[in-house]
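Read the structure below first, then the notes.
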Amino acid sequence: MNVSIITLIIISASALFYGTQKLLISRQKFDKINHRSAHNTQATKNGGIVVFLILFVFSIFSYLKGDEIYDYSLLIPLSIMFVIGVYDDFYDADFKLKFFLQIIVAKLLIDQGFIIDNFQGIFGWYELPRLASQLFTFFVFLVIVNAVNFIDGIDGLAISEALKVILVVEYIGVENTPFYNMGLVLAFSIIPMYYFNFKKQNKIFLGDAGSLFLGTVIAIYLFYVLGAEYKLNPQFKMNKALLSIAIILYPLVDLLRVFIIRIAQKKSPFHPDKNHLHHLLLKKGIPHLWIVIVIQLISLTVLFFGLL
């Protein structure tokens, strides 16, 4: 991907962030401020819409030119998750409906070959029977998507997690993944969002459209890492199953911790609250930006100690 295309993606994303926010503001479509909010300023939830639109338009343009920069069939499960998120952002979709559609998306990915059928030797387990591997893949997909959705509570955290996964998986492999170009488009469309996300006024949030969509992208990358085709660079020595956990360590730890707390309090594990680790750091007066930096630095440190 050359510099002119990268520049076009960044400029197009920036313009779309600005334009779609103006549209939502004119229609008084703001993120509601309540007891769970980590902000007290006016904000719109169009971040995920813009990131998806950039990928979708770029993919259509490449397809019409006859360039297959990645497997375009991935747009089907990604689009379903995006639409679920958009509906939830503006109409508060029922959790059961979201859960059901997430299972459908997981099945679509399994049928496209994204399946965890080998534990890579953890606990002495290797290949799994087909039914067990499908059920386990369903479970892991739901965990990853909802873990990413759960951490989307402060500025910059979820988009940083998505960027980290894309960059790490591409960097530590022997060769580029089949999603390399898709990942580049997403990365360069996400970068301008940092400006809009960290603004003092008129912020732009990722929204469920973005967190569910990017959570699915993360799941696709990690499922590929666990497959036989993904080869680690010889300088890195790590079990691929443990590697996948290490790459998204913070979302998984936070999800497990919050679930335990909610169950102990006799609440639904999916009942929203402000018990996330990043919320606790906010209560101590630490700014959003520093929380994101610290979390990602710790995550990367743990990851690369494991790799080396």
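Going by the structure tokens order, chains are called A, B, ..., each with residues numbered from 1, while ligands are numbered from 1 in the order shown.
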Need the shell around A:Leu128: protein/DNA/RNA residues with any atom at most 12 Å away, counting only C-alpha atoms. Skip same-chain ones fewer than 2 positions apart. Format as a ChimeraX atom specification? /A:115-121,124-126,130-137
Name the residues of stretch 157-308 of chain A that come out as helix (DSSP H, G or I) in a backbone DSSP run; write them as a PyMOL selection string. chain A and resi 157-172+180-190+193-197+207-225+240-247+249-264+277-283+288-307
Long-range neighbours of A:Asn239 as an mmCIF file with C-alpha atoms, in the first residue's frame, 10 Å cut-off, only C-alpha atoms, 3 positions minimum in chain:
data_model
loop_
_atom_site.group_PDB
_atom_site.id
_atom_site.type_symbol
_atom_site.label_atom_id
_atom_site.label_comp_id
_atom_site.auth_asym_id
_atom_site.auth_seq_id
_atom_site.Cartn_x
_atom_site.Cartn_y
_atom_site.Cartn_z
ATOM 1 C CA PHE A 119 -4.872 -26.517 21.938
ATOM 2 C CA GLN A 120 -1.220 -26.403 20.848
ATOM 3 C CA GLY A 121 -0.150 -28.686 23.710
ATOM 4 C CA ILE A 122 -1.580 -26.722 26.655
ATOM 5 C CA LEU A 226 -4.054 -20.397 16.284
ATOM 6 C CA LEU A 232 5.951 -17.272 14.315
ATOM 7 C CA PHE A 236 10.126 -15.738 19.081
ATOM 8 C CA LEU A 242 -0.658 -18.676 25.303
ATOM 9 C CA LEU A 243 0.389 -16.058 22.760
ATOM 10 C CA SER A 244 -3.236 -15.422 21.778
ATOM 11 C CA GLY A 306 6.756 -14.146 26.895
ATOM 12 C CA LEU A 307 7.930 -14.049 23.274
#
DSSP strand (DSSP E or B) residues within stretch 50-233 of chain A, as a PyMOL selection string: chain A and resi 118+127+173+203-204+232
With C-alpha atoms retained, export the selected residues as a PDB file, in the first residue's frame.
ATOM      1  CA  ASN A 118      -5.897 -27.552  18.409  1.00  0.00           C
ATOM      2  CA  GLU A 127      -6.270 -31.782  18.357  1.00  0.00           C
ATOM      3  CA  GLY A 173       4.744 -13.640  12.010  1.00  0.00           C
ATOM      4  CA  LYS A 203     -15.977  14.023  21.399  1.00  0.00           C
ATOM      5  CA  ILE A 204     -16.479  11.074  19.082  1.00  0.00           C
ATOM      6  CA  LEU A 232       5.951 -17.272  14.315  1.00  0.00           C
TER       7      LEU A 232
END
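Restricting the calculation to only C-alpha atoms, the smallest distance between A:Val165 and any of A:Val51, A:Ile76, A:Ile104, A:Ile248 is found for A:Ile248.
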note - atom CA of A:Val217 and atom CA of A:Gln201 are separated by 29.4 Å
Which residues come within 12 Å of A:Val253, counting only C-alpha atoms, excluding same-chain residues fewer than 4 positions away, as a PDB file with N, CA and C atoms, in the first residue's frame?
ATOM      1  N   VAL A 143     -16.430 -14.561  23.976  1.00  0.00           N
ATOM      2  CA  VAL A 143     -15.577 -13.956  25.009  1.00  0.00           C
ATOM      3  C   VAL A 143     -14.799 -12.773  24.441  1.00  0.00           C
ATOM      4  N   ILE A 144     -14.163 -12.958  23.285  1.00  0.00           N
ATOM      5  CA  ILE A 144     -13.337 -11.901  22.700  1.00  0.00           C
ATOM      6  C   ILE A 144     -14.170 -10.676  22.353  1.00  0.00           C
ATOM      7  N   ALA A 147     -15.457  -9.006  25.500  1.00  0.00           N
ATOM      8  CA  ALA A 147     -14.359  -8.430  26.274  1.00  0.00           C
ATOM      9  C   ALA A 147     -13.937  -7.088  25.676  1.00  0.00           C
ATOM     10  N   VAL A 148     -13.854  -7.017  24.354  1.00  0.00           N
ATOM     11  CA  VAL A 148     -13.507  -5.753  23.690  1.00  0.00           C
ATOM     12  C   VAL A 148     -14.614  -4.728  23.896  1.00  0.00           C
ATOM     13  N   PHE A 150     -16.580  -4.546  26.424  1.00  0.00           N
ATOM     14  CA  PHE A 150     -16.576  -4.149  27.829  1.00  0.00           C
ATOM     15  C   PHE A 150     -15.527  -3.074  28.127  1.00  0.00           C
ATOM     16  N   ILE A 151     -14.389  -3.112  27.427  1.00  0.00           N
ATOM     17  CA  ILE A 151     -13.333  -2.136  27.732  1.00  0.00           C
ATOM     18  C   ILE A 151     -13.553  -0.809  27.018  1.00  0.00           C
ATOM     19  N   ILE A 245      -3.677 -15.477  24.165  1.00  0.00           N
ATOM     20  CA  ILE A 245      -4.174 -14.936  25.432  1.00  0.00           C
ATOM     21  C   ILE A 245      -3.378 -13.693  25.815  1.00  0.00           C
ATOM     22  N   ALA A 246      -2.060 -13.752  25.635  1.00  0.00           N
ATOM     23  CA  ALA A 246      -1.195 -12.625  26.017  1.00  0.00           C
ATOM     24  C   ALA A 246      -1.481 -11.385  25.179  1.00  0.00           C
ATOM     25  N   ILE A 247      -1.829 -11.576  23.914  1.00  0.00           N
ATOM     26  CA  ILE A 247      -2.076 -10.439  23.024  1.00  0.00           C
ATOM     27  C   ILE A 247      -3.266  -9.604  23.509  1.00  0.00           C
ATOM     28  N   ILE A 248      -4.307 -10.264  24.020  1.00  0.00           N
ATOM     29  CA  ILE A 248      -5.479  -9.508  24.511  1.00  0.00           C
ATOM     30  C   ILE A 248      -5.649  -9.743  26.025  1.00  0.00           C
ATOM     31  N   LEU A 249      -4.545  -9.713  26.728  1.00  0.00           N
ATOM     32  CA  LEU A 249      -4.560 -10.024  28.155  1.00  0.00           C
ATOM     33  C   LEU A 249      -5.463  -9.093  28.950  1.00  0.00           C
ATOM     34  N   ARG A 257     -12.596 -10.548  35.821  1.00  0.00           N
ATOM     35  CA  ARG A 257     -12.711  -9.864  37.109  1.00  0.00           C
ATOM     36  C   ARG A 257     -14.113  -9.283  37.317  1.00  0.00           C
ATOM     37  N   VAL A 258     -14.637  -8.617  36.289  1.00  0.00           N
ATOM     38  CA  VAL A 258     -15.966  -7.994  36.384  1.00  0.00           C
ATOM     39  C   VAL A 258     -17.050  -9.053  36.534  1.00  0.00           C
ATOM     40  N   PHE A 259     -16.932 -10.153  35.799  1.00  0.00           N
ATOM     41  CA  PHE A 259     -17.916 -11.232  35.905  1.00  0.00           C
ATOM     42  C   PHE A 259     -17.942 -11.799  37.328  1.00  0.00           C
ATOM     43  N   ILE A 260     -16.759 -12.021  37.907  1.00  0.00           N
ATOM     44  CA  ILE A 260     -16.679 -12.574  39.264  1.00  0.00           C
ATOM     45  C   ILE A 260     -17.333 -11.620  40.264  1.00  0.00           C
ATOM     46  N   HIS A 276     -14.967  -1.796  36.225  1.00  0.00           N
ATOM     47  CA  HIS A 276     -13.838  -2.147  35.376  1.00  0.00           C
ATOM     48  C   HIS A 276     -12.559  -1.522  35.931  1.00  0.00           C
ATOM     49  N   LEU A 277     -11.426  -2.145  35.647  1.00  0.00           N
ATOM     50  CA  LEU A 277     -10.148  -1.644  36.148  1.00  0.00           C
ATOM     51  C   LEU A 277      -9.884  -0.215  35.689  1.00  0.00           C
ATOM     52  N   HIS A 278     -10.224   0.088  34.438  1.00  0.00           N
ATOM     53  CA  HIS A 278      -9.985   1.442  33.938  1.00  0.00           C
ATOM     54  C   HIS A 278     -10.878   2.465  34.643  1.00  0.00           C
ATOM     55  N   ILE A 295      -1.858   0.832  30.461  1.00  0.00           N
ATOM     56  CA  ILE A 295      -2.420  -0.495  30.184  1.00  0.00           C
ATOM     57  C   ILE A 295      -1.733  -1.143  28.989  1.00  0.00           C
ATOM     58  N   SER A 299       0.688  -4.433  28.944  1.00  0.00           N
ATOM     59  CA  SER A 299       0.295  -5.555  28.075  1.00  0.00           C
ATOM     60  C   SER A 299       1.420  -5.942  27.125  1.00  0.00           C
TER      61      SER A 299
END
A:Leu297 surroundings by only C-alpha atoms, 12 Å radius, close-in-sequence under 4 positions cut, as a JSON list (two decimals) with C-alpha atoms, in the first residue's frame:
[["chain", "number", "residue", "atom", "x", "y", "z"],
["A", 160, "SER", "CA", -5.68, 1.00, 20.95],
["A", 161, "GLU", "CA", -6.41, -2.67, 21.64],
["A", 164, "LYS", "CA", -2.14, -3.45, 18.98],
["A", 247, "ILE", "CA", -2.08, -10.44, 23.02],
["A", 249, "LEU", "CA", -4.56, -10.02, 28.15],
["A", 250, "TYR", "CA", -6.16, -6.85, 29.52],
["A", 290, "TRP", "CA", -2.37, 7.92, 30.76],
["A", 291, "ILE", "CA", -4.61, 4.97, 31.62],
["A", 292, "VAL", "CA", -4.52, 3.82, 27.99],
["A", 293, "ILE", "CA", -0.73, 4.28, 27.79],
["A", 301, "THR", "CA", 5.78, -5.79, 28.21],
["A", 302, "VAL", "CA", 4.13, -9.03, 29.34],
["A", 303, "LEU", "CA", 3.69, -10.11, 25.72],
["A", 304, "PHE", "CA", 7.28, -9.53, 24.63]]
Could the residues of stretch 177-200 of chain A that have an atom at most 10 Å from stretch 3-15 of chain A be listed as a tab-separated table, each with its closest atom pair and the distance in Å to one decimal, counting only C-alpha atoms and ordered by chain and ascending residue number?
residue	atom	partner	partner_atom	distance
A:Leu184	CA	A:Ile6	CA	8.4
A:Val185	CA	A:Ile9	CA	7.1
A:Leu186	CA	A:Ile9	CA	9.1
A:Ala187	CA	A:Ile10	CA	9.5
A:Phe188	CA	A:Ile10	CA	5.8
A:Ser189	CA	A:Ala13	CA	5.4
A:Ile190	CA	A:Ala13	CA	7.9
A:Ile191	CA	A:Ile10	CA	7.6
A:Pro192	CA	A:Ser14	CA	5.8
A:Met193	CA	A:Ser14	CA	7.5
A:Tyr195	CA	A:Ser14	CA	9.3
A:Phe196	CA	A:Ser14	CA	8.9
Taking only C-alpha atoms into account, which of A:Val145, A:Ser59, A:Asp92, A:Val174 comes nearest A:Tyr72? A:Ser59
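Once A:Leu108 and its same-chain neighbours fewer than 5 positions away are set aside, Ile76, Pro77, Ile103, Gly113 and Phe114 of chain A remain within 9 Å of it when counting only C-alpha atoms.
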For A:Gly183, which residue among A:Ala219, A:Leu55, A:Ala264, A:Ile286 is the nearest when counting only C-alpha atoms?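 Of all the options, A:Leu55 lies closest to A:Gly183.
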Counting only C-alpha atoms, which residue out of A:Glu170, A:Gln265, A:Gly210, A:Leu64 sits closest to A:Tyr224? A:Glu170
